[in-house]
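To start, the structure under review is shown below, and the notes come after it.
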Amino acid sequence: MALYDEIGKSYSEHRRPEPRIAAYVERALGDARIVVNVGAGTGSYEPVSRVVVAVEPSITMIRQRRNGPVVQAGAEALPFADGSFDAATAFITIHHWSNWRAGVAEMRRVARRVLILGVDIEVLQSFWITDYFTLWEREVVRDPEVDDVVDVLGGADVITVPTPHDCIDGFLLAYWRRPEAYLDPSVRACISGFARSSDAELAPGLTRLRADLDSGEWGRKYGHLMELDEYDTGLRLVVSR
């Protein structure tokens, strides 16, 4: 919560819901009408066609919300009775929870269907950004293994959600075809992995990235990405059965 009380100040500038990702969520929700969104932040990916109750621990994030009721609470202890909702959702948030297993168990308790949008850590670790930064090696990024999430849910379907090249939701790997974006401090400020790191820790990687962009080295190594309209950045939508 303390992290998002700080970085959340400009969150709505770069972290807007991407419609092509939201479409996957809408399909997976099926006939669910009453939804609780856990770790809701400013409300990205909350379905506008359904009744949504948001749960968010950070008051900074809550103050930026514009839609629906919100309860200030953590995922690990949801203040609702068993089976209160048709569905429980969590969008790119589970890696921030102090106990993600407890949070997922709570989602199962209060809803008959659970949707979790997260990142496959193996894909993350193979991304070109590892040439410049080691955010996950210092446990800055702590996404659980997808298979572990499926196990805690007691079985689930895993849907690969590709990231469009012009994605407007600026999560960590959203700029896979726009490497210059990582040089922008306002972009980095809205990505928790960067926000958790000091300027001194990031400086060497930023220097290398800037030099590779200026020299054309990045283009020689990864220019093939410029020919793609979408890319698998590891986004996975896990839907309980």
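In the structure tokens, chains take letters A, B, ... by order of appearance, with residues numbered from 1 within each chain and ligands from 1 in the order shown.
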
TODO: Tell me which protein, DNA and RNA residues are within 12 Å of Val55 in chain A, counting only C-alpha atoms, leaving out same-chain ones fewer than 6 positions away, and put them as a count of residues only.
DONE: 33

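Atom pair CA of Leu117 in chain A / CA of Asp229 in chain A: separated by 21.0 Å.
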
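Here CA of Thr130 in chain A is placed at a distance of 19.6 Å from CA of Pro162 in chain A.
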
Would you write out, as JSON lines, a table of all residues in range 86-116 of chain A that have an atom no more than 12 Å from an atom of range 175-195 of chain A, listing for each the closest atom pair and the distance in Å to one decimal, considering only C-alpha atoms and ordering rows by chain and rising residue number?
```
{"residue": "A:Ile92", "atom": "CA", "partner": "A:Ser192", "partner_atom": "CA", "distance": 10.8}
{"residue": "A:Thr93", "atom": "CA", "partner": "A:Ser192", "partner_atom": "CA", "distance": 10.2}
{"residue": "A:His95", "atom": "CA", "partner": "A:Ser192", "partner_atom": "CA", "distance": 10.0}
{"residue": "A:His96", "atom": "CA", "partner": "A:Ser192", "partner_atom": "CA", "distance": 9.0}
```

Emit the selected residues as a PDB file, in the first residue's frame, including C-alpha atoms.
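Wrote selection.pdb, looks like this:
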```
ATOM      1  CA  ILE A  92      -1.980  -6.978 -12.667  1.00  0.00           C
ATOM      2  CA  THR A  93      -1.953  -6.658  -8.890  1.00  0.00           C
ATOM      3  CA  HIS A  95       2.440  -9.558  -7.203  1.00  0.00           C
ATOM      4  CA  HIS A  96       1.903  -6.715  -4.719  1.00  0.00           C
TER       5      HIS A  96
END
```

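The nearest approach to Leu237 in chain A among the residues A:Arg27, A:Arg66, A:His14, A:His165, with only C-alpha atoms taken into account, belongs to A:Arg27.
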
DSSP strand (DSSP E or B) selection over range 18-157 of chain A, as a compact mmCIF listing (two decimals) with N, CA and C atoms, in the first residue's frame:
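Result saved to result-v4.txt:
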```txt
# COMPACT_ATOMS: atom_id res chain seq x y z
N ILE A 34 -22.55 -9.30 -10.74
CA ILE A 34 -22.05 -8.56 -9.58
C ILE A 34 -20.61 -9.00 -9.34
N VAL A 35 -19.69 -8.05 -9.40
CA VAL A 35 -18.26 -8.35 -9.43
C VAL A 35 -17.54 -7.58 -8.33
N VAL A 36 -16.59 -8.23 -7.66
CA VAL A 36 -15.69 -7.53 -6.76
C VAL A 36 -14.31 -7.50 -7.42
N ASN A 37 -13.72 -6.31 -7.49
CA ASN A 37 -12.41 -6.14 -8.11
C ASN A 37 -11.38 -5.90 -7.01
N VAL A 38 -10.48 -6.84 -6.83
CA VAL A 38 -9.55 -6.84 -5.71
C VAL A 38 -8.21 -6.22 -6.14
N VAL A 51 -22.25 -4.58 -12.23
CA VAL A 51 -22.14 -3.92 -10.93
C VAL A 51 -20.80 -4.32 -10.32
N VAL A 52 -19.97 -3.34 -10.00
CA VAL A 52 -18.63 -3.62 -9.49
C VAL A 52 -18.43 -2.95 -8.14
N VAL A 53 -17.92 -3.73 -7.18
CA VAL A 53 -17.46 -3.21 -5.90
C VAL A 53 -15.95 -3.34 -5.89
N ALA A 54 -15.24 -2.24 -5.67
CA ALA A 54 -13.79 -2.24 -5.71
C ALA A 54 -13.22 -2.40 -4.30
N VAL A 55 -12.10 -3.11 -4.23
CA VAL A 55 -11.33 -3.23 -2.98
C VAL A 55 -9.92 -2.74 -3.26
N VAL A 70 -16.23 1.75 -3.44
CA VAL A 70 -14.90 1.21 -3.15
C VAL A 70 -14.76 1.03 -1.64
N VAL A 71 -14.11 -0.07 -1.27
CA VAL A 71 -13.83 -0.39 0.12
C VAL A 71 -12.32 -0.39 0.31
N PHE A 85 -20.53 -12.54 -4.40
CA PHE A 85 -20.39 -12.02 -5.76
C PHE A 85 -20.44 -13.15 -6.79
N ASP A 86 -20.82 -12.77 -8.02
CA ASP A 86 -20.77 -13.73 -9.12
C ASP A 86 -19.33 -13.98 -9.53
N ALA A 87 -18.50 -12.95 -9.47
CA ALA A 87 -17.10 -13.09 -9.89
C ALA A 87 -16.21 -12.16 -9.06
N ALA A 88 -14.98 -12.60 -8.89
CA ALA A 88 -13.94 -11.79 -8.27
C ALA A 88 -12.81 -11.63 -9.27
N THR A 89 -12.32 -10.40 -9.44
CA THR A 89 -11.27 -10.14 -10.41
C THR A 89 -10.05 -9.50 -9.73
N ALA A 90 -8.89 -9.69 -10.36
CA ALA A 90 -7.66 -9.04 -9.91
C ALA A 90 -6.81 -8.81 -11.16
N PHE A 91 -6.47 -7.55 -11.44
CA PHE A 91 -5.80 -7.20 -12.69
C PHE A 91 -4.41 -6.63 -12.43
N ALA A 111 -16.66 -15.39 -4.13
CA ALA A 111 -17.22 -15.40 -5.48
C ALA A 111 -17.19 -16.80 -6.07
N ARG A 112 -18.11 -17.05 -7.00
CA ARG A 112 -18.17 -18.37 -7.62
C ARG A 112 -17.22 -18.49 -8.81
N ARG A 113 -16.76 -17.36 -9.33
CA ARG A 113 -15.81 -17.37 -10.44
C ARG A 113 -14.68 -16.39 -10.13
N VAL A 114 -13.45 -16.78 -10.45
CA VAL A 114 -12.29 -15.93 -10.17
C VAL A 114 -11.52 -15.69 -11.47
N LEU A 115 -11.18 -14.42 -11.74
CA LEU A 115 -10.36 -14.05 -12.89
C LEU A 115 -9.13 -13.29 -12.38
N ILE A 116 -7.96 -13.75 -12.77
CA ILE A 116 -6.72 -13.09 -12.37
C ILE A 116 -5.87 -12.83 -13.60
N LEU A 117 -5.61 -11.55 -13.87
CA LEU A 117 -4.73 -11.17 -14.97
C LEU A 117 -3.35 -10.87 -14.39
N GLY A 118 -2.38 -11.67 -14.78
CA GLY A 118 -1.03 -11.51 -14.27
C GLY A 118 -0.01 -11.78 -15.36
N VAL A 119 1.24 -11.97 -14.94
CA VAL A 119 2.35 -12.14 -15.87
C VAL A 119 3.04 -13.48 -15.63
N ALA A 156 -8.01 -24.26 -13.30
CA ALA A 156 -8.39 -23.04 -14.01
C ALA A 156 -7.95 -23.13 -15.45
N ASP A 157 -8.56 -22.31 -16.29
CA ASP A 157 -8.13 -22.16 -17.67
C ASP A 157 -7.16 -20.99 -17.74
```

- [ ] Take CA of Trp128 in chain A and CA of Asp143 in chain A and report the distance between them in Å, one decimal.
- [x] 18.1 Å

Open item on the list: Using only C-alpha atoms for the distances, tell me which of A:Leu209, A:Leu225, A:Val158, A:Ala105 is nearest to Asp120 in chain A.
Closed with: A:Val158

- [ ] Compile the contact shell of Tyr231 in chain A as a ChimeraX atom specification: residues with an atom at most 12 Å away, counting only C-alpha atoms, same-chain residues fewer than 4 positions apart removed.
- [x] /A:123,127,160-167,173-177,224-227,235

TODO: Please identify all polymer residues within 9 Å of Val152 in chain A, counting only C-alpha atoms, omitting same-chain residues fewer than 5 positions from it, and present them as a PyMOL selection string.
DONE: chain A and resi 101+104-105+147

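In terms of minimum interatomic distance to Gln64 in chain A, A:Ser44 ranks closest within A:Thr233, A:Ser49, A:Ser44, A:Asn99, counting only C-alpha atoms.
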
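Counting only C-alpha atoms, the residue from A:Asp199, A:Glu145, A:Asp131, A:Asp169 that sits nearest to Lys221 in chain A is A:Asp131.
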
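Among A:Trp97, A:Phe171, A:Tyr132, A:Trp218, the residue with the shortest atom-to-atom distance to Ala203 in chain A, counting only C-alpha atoms, is A:Tyr132.
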
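Nearest residue to Thr134 in chain A among A:Leu172, A:Leu202, A:Glu106, A:Asp151 is A:Leu202, counting only C-alpha atoms.
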